[in-house]
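Accompanying notes for the structure given below.
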Amino acid sequence: MFNVDPKIEQAVNVQKKYTDSLMQNQHVMGVSVRPVEGYVYHPEAYALVVLVDDEKEKSHIPSHLDDVPVIVQRVGKIKTQ
């Protein structure tokens, strides 16, 4: 059994809880978790990263979900080949 950092476990649980609802927005391309070193409110925290295709969507995404910081990142449209 692995010893999982509670901070990443919390972020992954938040990702599981909110991904389906975030993906209902047609401009959300994906949701992931990444470390955010030196984050002001949670040093060495993990954040939920919401990938969007339109910069204007930042205002529609909350800055935190269940005390986990949310980073909105514009990636443009993702297309399959």
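So you can find residues: chains in the structure tokens are A, B, ... in the order shown, residues in each start at 1, and ligands are numbered from 1 in order.
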
*Which parts of region 1-56 of chain A does DSSP call helix (DSSP H, G or I) when run on the backbone here, written out as a list in words?*
Pro6, Lys7, Ile8, Glu9, Gln10, Ala11, Val12, Asn13, Val14, Gln15, Lys16, Lys17, Tyr18, Thr19, Asp20, Ser21, Leu22, Glu55 and Lys56 of chain A

Which residues, written as a PDB file with N, CA and C atoms, in the first residue's frame, have at least one atom at most 6 Å from Tyr46 (chain A), with only C-alpha atoms counted and residues fewer than 6 positions away on the same chain left out?
ATOM      1  N   ILE A   8      -2.560  15.869  -2.071  1.00  0.00           N
ATOM      2  CA  ILE A   8      -2.896  15.420  -3.429  1.00  0.00           C
ATOM      3  C   ILE A   8      -4.164  14.570  -3.409  1.00  0.00           C
ATOM      4  N   ARG A  34      -2.420  19.478 -10.426  1.00  0.00           N
ATOM      5  CA  ARG A  34      -0.976  19.722 -10.486  1.00  0.00           C
ATOM      6  C   ARG A  34      -0.510  20.405  -9.214  1.00  0.00           C
ATOM      7  N   PRO A  35       0.759  20.231  -8.854  1.00  0.00           N
ATOM      8  CA  PRO A  35       1.284  20.918  -7.676  1.00  0.00           C
ATOM      9  C   PRO A  35       1.465  22.402  -7.953  1.00  0.00           C
ATOM     10  N   VAL A  36       1.243  23.195  -6.936  1.00  0.00           N
ATOM     11  CA  VAL A  36       1.439  24.642  -7.040  1.00  0.00           C
ATOM     12  C   VAL A  36       2.335  25.045  -5.880  1.00  0.00           C
TER      13      VAL A  36
END

*Please provide as a VMD selection string all residues within 12 Å of Pro62 (chain A), with the sequence filter that same-chain residues fewer than 4 positions apart are discarded (counting only C-alpha atoms).*
chain A and resid 18 22 48 to 50 57 to 58 66 to 72

Would you write out those residues with N, CA and C atoms, as a PDB file, in the first residue's frame?
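Everything below was put into again.pdb:
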ATOM      1  N   TYR A  18     -15.995  17.163  -9.148  1.00  0.00           N
ATOM      2  CA  TYR A  18     -16.453  18.280  -9.964  1.00  0.00           C
ATOM      3  C   TYR A  18     -16.200  18.154 -11.471  1.00  0.00           C
ATOM      4  N   LEU A  22     -18.015  20.449 -14.382  1.00  0.00           N
ATOM      5  CA  LEU A  22     -17.190  21.415 -15.127  1.00  0.00           C
ATOM      6  C   LEU A  22     -17.218  21.125 -16.624  1.00  0.00           C
ATOM      7  N   LEU A  48      -6.502  22.273  -8.799  1.00  0.00           N
ATOM      8  CA  LEU A  48      -7.268  21.745  -9.910  1.00  0.00           C
ATOM      9  C   LEU A  48      -6.993  22.669 -11.089  1.00  0.00           C
ATOM     10  N   VAL A  49      -6.659  22.111 -12.228  1.00  0.00           N
ATOM     11  CA  VAL A  49      -6.401  22.906 -13.425  1.00  0.00           C
ATOM     12  C   VAL A  49      -7.542  22.653 -14.399  1.00  0.00           C
ATOM     13  N   VAL A  50      -8.230  23.716 -14.777  1.00  0.00           N
ATOM     14  CA  VAL A  50      -9.340  23.622 -15.723  1.00  0.00           C
ATOM     15  C   VAL A  50      -8.855  24.205 -17.042  1.00  0.00           C
ATOM     16  N   GLU A  57     -13.903  32.451 -20.393  1.00  0.00           N
ATOM     17  CA  GLU A  57     -14.496  31.464 -19.483  1.00  0.00           C
ATOM     18  C   GLU A  57     -13.912  31.534 -18.075  1.00  0.00           C
ATOM     19  N   LYS A  58     -12.784  32.226 -17.912  1.00  0.00           N
ATOM     20  CA  LYS A  58     -12.182  32.334 -16.580  1.00  0.00           C
ATOM     21  C   LYS A  58     -13.162  32.884 -15.558  1.00  0.00           C
ATOM     22  N   ASP A  66     -14.044  23.388  -2.780  1.00  0.00           N
ATOM     23  CA  ASP A  66     -13.790  22.637  -1.537  1.00  0.00           C
ATOM     24  C   ASP A  66     -12.391  22.906  -0.991  1.00  0.00           C
ATOM     25  N   ASP A  67     -12.002  24.155  -0.922  1.00  0.00           N
ATOM     26  CA  ASP A  67     -10.706  24.598  -0.389  1.00  0.00           C
ATOM     27  C   ASP A  67      -9.502  24.209  -1.240  1.00  0.00           C
ATOM     28  N   VAL A  68      -9.731  23.729  -2.447  1.00  0.00           N
ATOM     29  CA  VAL A  68      -8.636  23.439  -3.377  1.00  0.00           C
ATOM     30  C   VAL A  68      -8.588  24.580  -4.387  1.00  0.00           C
ATOM     31  N   PRO A  69      -7.416  25.208  -4.568  1.00  0.00           N
ATOM     32  CA  PRO A  69      -7.325  26.290  -5.552  1.00  0.00           C
ATOM     33  C   PRO A  69      -7.570  25.773  -6.969  1.00  0.00           C
ATOM     34  N   VAL A  70      -8.180  26.623  -7.781  1.00  0.00           N
ATOM     35  CA  VAL A  70      -8.465  26.287  -9.179  1.00  0.00           C
ATOM     36  C   VAL A  70      -7.690  27.247 -10.072  1.00  0.00           C
ATOM     37  N   ILE A  71      -6.959  26.691 -11.014  1.00  0.00           N
ATOM     38  CA  ILE A  71      -6.230  27.472 -12.015  1.00  0.00           C
ATOM     39  C   ILE A  71      -6.924  27.236 -13.349  1.00  0.00           C
ATOM     40  N   VAL A  72      -7.310  28.313 -14.011  1.00  0.00           N
ATOM     41  CA  VAL A  72      -7.927  28.201 -15.336  1.00  0.00           C
ATOM     42  C   VAL A  72      -6.853  28.516 -16.363  1.00  0.00           C
TER      43      VAL A  72
END

*Go through A:Gln73, A:Met29, A:Ala45, A:Glu55 and flag the residue nearest Asp5 (chain A), using only C-alpha atoms for the distances.*
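Of the candidates, the smallest distance to Asp5 (chain A) is held by A:Ala45.
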
_Here is a test: counting only C-alpha atoms, which residue of A:Leu51, A:Asn3, A:Lys79, A:Glu9 is nearest to His27 (chain A)?_
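Among the listed residues, A:Leu51 lies closest to His27 (chain A).
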
_strand (DSSP E) residues, from DSSP on the backbone, in chain A, as an MDAnalysis selection string_ = chainID A and resid 28:36 45:52 64:65 68:74

*Pick from A:Lys7, A:Val12, A:Phe2, A:Val75: nearest to Val28 (chain A), with only C-alpha atoms counted?*
A:Val75

*From the list A:Leu65, A:Ala47, A:Asp53, A:Val14, which residue is nearest Gln26 (chain A) when using only C-alpha atoms?*
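For Gln26 (chain A), the nearest of the candidates is A:Asp53.
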
*State, in Å with one decimal place, the distance from CA of Thr19 (chain A) to CA of Val31 (chain A).*
6.3 Å

*Distance CA of Lys77 (chain A)-CA of Gly30 (chain A), one decimal place?*
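Interatomic distance here is 10.8 Å.
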